[in-house]
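Here is structure_39.pdb, consisting of PDB, C-alpha atoms, pLDDT in the B column:
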ATOM      1  CA  MET Y   1      10.804   6.053  20.333  1.00 88.00           C
ATOM      2  CA  ALA Y   2       8.561   3.190  19.219  1.00 90.00           C
ATOM      3  CA  LEU Y   3       4.955   4.013  18.393  1.00 95.00           C
ATOM      4  CA  THR Y   4       2.018   2.519  20.258  1.00 96.00           C
ATOM      5  CA  ARG Y   5      -0.329   0.209  18.369  1.00 96.00           C
ATOM      6  CA  GLU Y   6      -2.872   3.009  18.018  1.00 96.00           C
ATOM      7  CA  GLU Y   7      -0.222   5.478  16.779  1.00 96.00           C
ATOM      8  CA  ARG Y   8       1.204   3.114  14.161  1.00 96.00           C
ATOM      9  CA  GLU Y   9      -2.229   2.044  12.887  1.00 97.00           C
ATOM     10  CA  SER Y  10      -3.367   5.664  12.700  1.00 97.00           C
ATOM     11  CA  PHE Y  11      -0.183   6.631  10.819  1.00 97.00           C
ATOM     12  CA  LEU Y  12      -0.594   3.719   8.379  1.00 97.00           C
ATOM     13  CA  ALA Y  13      -4.196   4.818   7.759  1.00 97.00           C
ATOM     14  CA  GLU Y  14      -3.010   8.242   6.545  1.00 97.00           C
ATOM     15  CA  PRO Y  15      -2.564   8.655   2.756  1.00 96.00           C
ATOM     16  CA  HIS Y  16       1.205   8.278   2.447  1.00 96.00           C
ATOM     17  CA  VAL Y  17       2.899   6.767  -0.589  1.00 97.00           C
ATOM     18  CA  ALA Y  18       4.428   3.472   0.523  1.00 98.00           C
ATOM     19  CA  ALA Y  19       7.522   1.620  -0.593  1.00 98.00           C
ATOM     20  CA  LEU Y  20       6.411  -1.931  -1.397  1.00 98.00           C
ATOM     21  CA  ALA Y  21       9.057  -4.653  -1.102  1.00 98.00           C
ATOM     22  CA  VAL Y  22       8.698  -8.264  -2.173  1.00 98.00           C
ATOM     23  CA  GLU Y  23      11.217 -11.051  -2.683  1.00 97.00           C
ATOM     24  CA  GLY Y  24      12.704 -10.914  -6.187  1.00 96.00           C
ATOM     25  CA  GLU Y  25      13.647 -13.638  -8.618  1.00 95.00           C
ATOM     26  CA  ALA Y  26      16.744 -15.803  -8.044  1.00 93.00           C
ATOM     27  CA  GLY Y  27      19.880 -13.742  -8.408  1.00 94.00           C
ATOM     28  CA  ARG Y  28      18.089 -10.410  -7.980  1.00 95.00           C
ATOM     29  CA  GLY Y  29      17.398  -8.225  -4.988  1.00 95.00           C
ATOM     30  CA  PRO Y  30      13.889  -7.627  -3.700  1.00 97.00           C
ATOM     31  CA  LEU Y  31      11.555  -5.563  -5.871  1.00 97.00           C
ATOM     32  CA  THR Y  32      11.029  -2.232  -4.113  1.00 97.00           C
ATOM     33  CA  VAL Y  33       8.628   0.264  -5.705  1.00 97.00           C
ATOM     34  CA  PRO Y  34       6.399   3.170  -4.625  1.00 98.00           C
ATOM     35  CA  ILE Y  35       2.713   2.349  -4.385  1.00 98.00           C
ATOM     36  CA  TRP Y  36      -0.630   3.675  -3.190  1.00 98.00           C
ATOM     37  CA  TYR Y  37      -2.329   1.550  -0.547  1.00 98.00           C
ATOM     38  CA  GLN Y  38      -5.472   1.523   1.595  1.00 98.00           C
ATOM     39  CA  TYR Y  39      -5.770   0.671   5.287  1.00 98.00           C
ATOM     40  CA  GLU Y  40      -8.208   1.142   8.140  1.00 97.00           C
ATOM     41  CA  PRO Y  41      -7.001   0.538  11.713  1.00 97.00           C
ATOM     42  CA  GLY Y  42      -7.447  -3.084  12.739  1.00 96.00           C
ATOM     43  CA  GLY Y  43      -8.099  -4.227   9.170  1.00 97.00           C
ATOM     44  CA  LEU Y  44      -6.224  -5.511   6.169  1.00 98.00           C
ATOM     45  CA  VAL Y  45      -3.893  -3.486   3.977  1.00 98.00           C
ATOM     46  CA  TRP Y  46      -4.753  -3.579   0.272  1.00 98.00           C
ATOM     47  CA  ILE Y  47      -2.995  -2.505  -2.866  1.00 98.00           C
ATOM     48  CA  MET Y  48      -4.033  -2.468  -6.513  1.00 98.00           C
ATOM     49  CA  THR Y  49      -1.709  -3.591  -9.296  1.00 98.00           C
ATOM     50  CA  GLY Y  50      -1.759  -4.985 -12.812  1.00 97.00           C
ATOM     51  CA  LEU Y  51      -2.797  -8.618 -13.116  1.00 97.00           C
ATOM     52  CA  ASP Y  52       0.214  -9.363 -15.339  1.00 96.00           C
ATOM     53  CA  SER Y  53       2.697  -7.078 -13.554  1.00 97.00           C
ATOM     54  CA  ARG Y  54       6.032  -8.276 -12.176  1.00 97.00           C
ATOM     55  CA  LYS Y  55       4.851  -6.990  -8.786  1.00 97.00           C
ATOM     56  CA  ASN Y  56       1.795  -9.271  -8.822  1.00 98.00           C
ATOM     57  CA  ARG Y  57       3.790 -12.297 -10.052  1.00 97.00           C
ATOM     58  CA  LEU Y  58       6.351 -11.857  -7.265  1.00 98.00           C
ATOM     59  CA  ILE Y  59       3.695 -11.324  -4.583  1.00 98.00           C
ATOM     60  CA  ARG Y  60       1.895 -14.498  -5.717  1.00 97.00           C
ATOM     61  CA  ALA Y  61       5.164 -16.465  -5.581  1.00 97.00           C
ATOM     62  CA  ALA Y  62       6.241 -15.105  -2.180  1.00 97.00           C
ATOM     63  CA  GLY Y  63       2.786 -15.114  -0.574  1.00 98.00           C
ATOM     64  CA  ARG Y  64       3.680 -11.971   1.376  1.00 97.00           C
ATOM     65  CA  PHE Y  65       5.055  -8.460   1.021  1.00 98.00           C
ATOM     66  CA  SER Y  66       6.144  -5.435   3.052  1.00 98.00           C
ATOM     67  CA  LEU Y  67       5.187  -1.773   2.991  1.00 98.00           C
ATOM     68  CA  MET Y  68       7.303   1.011   4.486  1.00 98.00           C
ATOM     69  CA  ILE Y  69       5.799   4.446   5.007  1.00 97.00           C
ATOM     70  CA  GLU Y  70       7.696   7.482   6.260  1.00 96.00           C
ATOM     71  CA  ARG Y  71       7.471  11.213   6.703  1.00 92.00           C
ATOM     72  CA  VAL Y  72      10.039  13.817   7.667  1.00 92.00           C
ATOM     73  CA  GLU Y  73       7.819  16.655   8.950  1.00 91.00           C
ATOM     74  CA  PRO Y  74       6.754  17.677  11.538  1.00 91.00           C
ATOM     75  CA  THR Y  75       8.821  14.792  12.975  1.00 91.00           C
ATOM     76  CA  VAL Y  76      10.757  11.918  11.445  1.00 93.00           C
ATOM     77  CA  ARG Y  77       8.331   9.008  11.684  1.00 95.00           C
ATOM     78  CA  TYR Y  78       8.031   5.665   9.956  1.00 97.00           C
ATOM     79  CA  VAL Y  79       5.968   2.490  10.004  1.00 97.00           C
ATOM     80  CA  SER Y  80       6.923  -0.734   8.288  1.00 97.00           C
ATOM     81  CA  VAL Y  81       4.426  -3.566   8.085  1.00 97.00           C
ATOM     82  CA  GLU Y  82       4.860  -7.070   6.702  1.00 97.00           C
ATOM     83  CA  GLY Y  83       2.521  -9.997   6.429  1.00 97.00           C
ATOM     84  CA  PRO Y  84       0.915 -12.750   4.430  1.00 98.00           C
ATOM     85  CA  VAL Y  85      -1.370 -12.233   1.481  1.00 98.00           C
ATOM     86  CA  THR Y  86      -4.913 -13.098   2.542  1.00 98.00           C
ATOM     87  CA  GLY Y  87      -6.551 -12.844  -0.873  1.00 97.00           C
ATOM     88  CA  THR Y  88      -6.450 -11.488  -4.387  1.00 97.00           C
ATOM     89  CA  SER Y  89      -9.471 -10.476  -6.433  1.00 98.00           C
ATOM     90  CA  PRO Y  90     -10.228  -8.593  -9.645  1.00 98.00           C
ATOM     91  CA  ALA Y  91     -10.262  -4.845  -8.985  1.00 98.00           C
ATOM     92  CA  THR Y  92     -13.479  -2.892  -9.379  1.00 98.00           C
ATOM     93  CA  VAL Y  93     -13.905   0.651 -10.615  1.00 98.00           C
ATOM     94  CA  GLU Y  94     -15.262   1.486  -7.135  1.00 98.00           C
ATOM     95  CA  GLN Y  95     -12.004   0.330  -5.523  1.00 98.00           C
ATOM     96  CA  LEU Y  96     -10.016   2.355  -8.059  1.00 98.00           C
ATOM     97  CA  ARG Y  97     -12.129   5.405  -7.217  1.00 98.00           C
ATOM     98  CA  GLU Y  98     -11.623   4.829  -3.447  1.00 97.00           C
ATOM     99  CA  MET Y  99      -7.863   4.607  -3.902  1.00 98.00           C
ATOM    100  CA  ALA Y 100      -7.693   7.632  -6.223  1.00 98.00           C
ATOM    101  CA  ALA Y 101      -9.807   9.709  -3.818  1.00 98.00           C
ATOM    102  CA  ARG Y 102      -7.340   8.901  -1.038  1.00 97.00           C
ATOM    103  CA  TYR Y 103      -4.432  10.440  -2.959  1.00 98.00           C
ATOM    104  CA  LEU Y 104      -5.743  12.941  -5.509  1.00 98.00           C
ATOM    105  CA  PRO Y 105      -7.620  16.241  -5.192  1.00 98.00           C
ATOM    106  CA  ALA Y 106     -11.376  15.657  -5.575  1.00 98.00           C
ATOM    107  CA  ALA Y 107     -11.481  17.586  -8.865  1.00 98.00           C
ATOM    108  CA  LYS Y 108      -9.002  15.130 -10.458  1.00 98.00           C
ATOM    109  CA  VAL Y 109     -10.446  11.802  -9.297  1.00 98.00           C
ATOM    110  CA  ASP Y 110     -13.001  11.228 -12.092  1.00 98.00           C
ATOM    111  CA  THR Y 111     -10.529  12.082 -14.852  1.00 98.00           C
ATOM    112  CA  TYR Y 112      -7.873   9.812 -13.365  1.00 98.00           C
ATOM    113  CA  VAL Y 113     -10.302   6.926 -12.805  1.00 98.00           C
ATOM    114  CA  ASP Y 114     -11.649   7.143 -16.372  1.00 98.00           C
ATOM    115  CA  PHE Y 115      -8.127   7.167 -17.801  1.00 98.00           C
ATOM    116  CA  ALA Y 116      -6.752   4.420 -15.547  1.00 97.00           C
ATOM    117  CA  TRP Y 117      -9.732   2.105 -15.988  1.00 97.00           C
ATOM    118  CA  LYS Y 118      -9.428   2.332 -19.783  1.00 97.00           C
ATOM    119  CA  ASN Y 119      -5.641   2.303 -20.108  1.00 97.00           C
ATOM    120  CA  HIS Y 120      -3.927   0.452 -17.261  1.00 96.00           C
ATOM    121  CA  GLY Y 121      -5.081  -3.041 -18.190  1.00 95.00           C
ATOM    122  CA  GLU Y 122      -6.685  -5.586 -15.931  1.00 97.00           C
ATOM    123  CA  GLN Y 123      -6.046  -4.775 -12.254  1.00 98.00           C
ATOM    124  CA  VAL Y 124      -6.201  -6.900  -9.112  1.00 98.00           C
ATOM    125  CA  VAL Y 125      -6.559  -6.060  -5.428  1.00 98.00           C
ATOM    126  CA  VAL Y 126      -4.100  -7.841  -3.138  1.00 98.00           C
ATOM    127  CA  ARG Y 127      -4.897  -7.948   0.577  1.00 98.00           C
ATOM    128  CA  MET Y 128      -2.318  -8.431   3.327  1.00 98.00           C
ATOM    129  CA  ARG Y 129      -2.792  -9.103   7.035  1.00 97.00           C
ATOM    130  CA  PRO Y 130      -0.287  -6.990   8.998  1.00 97.00           C
ATOM    131  CA  GLN Y 131       1.756  -9.477  10.990  1.00 97.00           C
ATOM    132  CA  ARG Y 132       5.013  -7.728  11.864  1.00 96.00           C
ATOM    133  CA  TRP Y 133       5.363  -4.029  12.605  1.00 97.00           C
ATOM    134  CA  VAL Y 134       8.422  -1.826  13.007  1.00 96.00           C
ATOM    135  CA  SER Y 135       7.808   1.819  13.865  1.00 97.00           C
ATOM    136  CA  SER Y 136       9.457   4.837  15.350  1.00 96.00           C
ATOM    137  CA  ASP Y 137       9.157   8.557  15.818  1.00 94.00           C
ATOM    138  CA  LEU Y 138      12.610  10.132  15.970  1.00 90.00           C
ATOM    139  CA  GLY Y 139      11.313  13.572  16.830  1.00 88.00           C
ATOM    140  CA  THR Y 140      12.728  16.626  15.106  1.00 83.00           C
ATOM    141  CA  VAL Y 141      16.329  15.365  14.803  1.00 74.00           C
TER     142      VAL Y 141
END
With the file now loaded, output its structure as C-alpha cells.
Amino acid sequence: MALTREERESFLAEPHVAALAVEGEAGRGPLTVPIWYQYEPGGLVWIMTGLDSRKNRLIRAAGRFSLMIERVEPTVRYVSVEGPVTGTSPATVEQLREMAARYLPAAKVDTYVDFAWKNHGEQVVVRMRPQRWVSSDLGTV
C-alpha cells in the first residue's frame, strides 16, 4: 500500500541509513552507496560528502541523485526520493555535529565530530529538492 505524503515525509525524516544512487561514468553502472542524510518534512534533503569524492563528482555531473530508505520491522516499508541538486556549500562543524547527533548515541557525538573534522578532509553539503517519490508499506509479509 502506498504511503500518504505525510507518512512518507515522516518516514524520510527518521534517522535511517539511506542508499544513495547517482549516475555513474560511461560504461559503469550507477554509484550506489550507504549514506547518512538529513531531512525535515516539506524541506530539502541534505547529505555531507568529501569535496573530492567520486560521489560528489558524479552528483555535480548529473545534477541530481536518489536516496532509498527501508526498514523491515515492524513492517516492511520503504521510501525512495529523487530530485535535482539545489545547492552545494562547504560543510560546517555545526552541520557535521547535527548529522552525527542524528545517528550516534549522544556520548559518542563529540568524539566522532572531532575525529571526522580533523581526518575526513574537506566536506561539502549537497542539497536536493525531493521531486519524485516512490513509497510503500507491505505490512508484515
- request: Evaluate the PyMOL selection byres ((chain Y and resi 8-10) around 12) here and jot the selected residues down as an NGL selection string.
  value: :Y and (1-7 or 11-16 or 38-45 or 68-70 or 77-81 or 130 or 132-137)
- request: Find the residues around segment 90-103 of chain Y up to 7 Å (only C-alpha atoms counted), leave out those fewer than 4 positions away in its own chain, and share them as a ChimeraX atom specification.
  value: /Y:15,38,109,113,117,123-125
- request: Take atom CA of Asp114 of chain Y and atom CA of Pro34 of chain Y and report the distance between them in Å, one decimal.
  value: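 Value for the atom CA of Asp114 of chain Y-atom CA of Pro34 of chain Y distance: 21.9 Å.
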message: Report, in Å to a single decimal, how far apart atom CA of Val22 of chain Y and atom CA of Ala62 of chain Y are.
response: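 Atom-to-atom, atom CA of Ala62 of chain Y to atom CA of Val22 of chain Y, that is 7.3 Å.
Among the candidate residues Y:Val17, Y:Met128, Y:Ala107, Y:Val141, the one lying nearest to Ile59 of chain Y is Y:Met128, with distances computed using all atoms listed in the file.
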Atom CA of Lys55 of chain Y to atom CA of Val33 of chain Y, distance in Å rounded to a single decimal: 8.7 Å
- request: Could you expand the PyMOL selection byres ((chain Y and resi 57) around 12) into the explicit residues it covers here, written as a VMD selection string?
  value: chain Y and resid 22 to 25 31 49 to 56 58 to 65 88 124 126
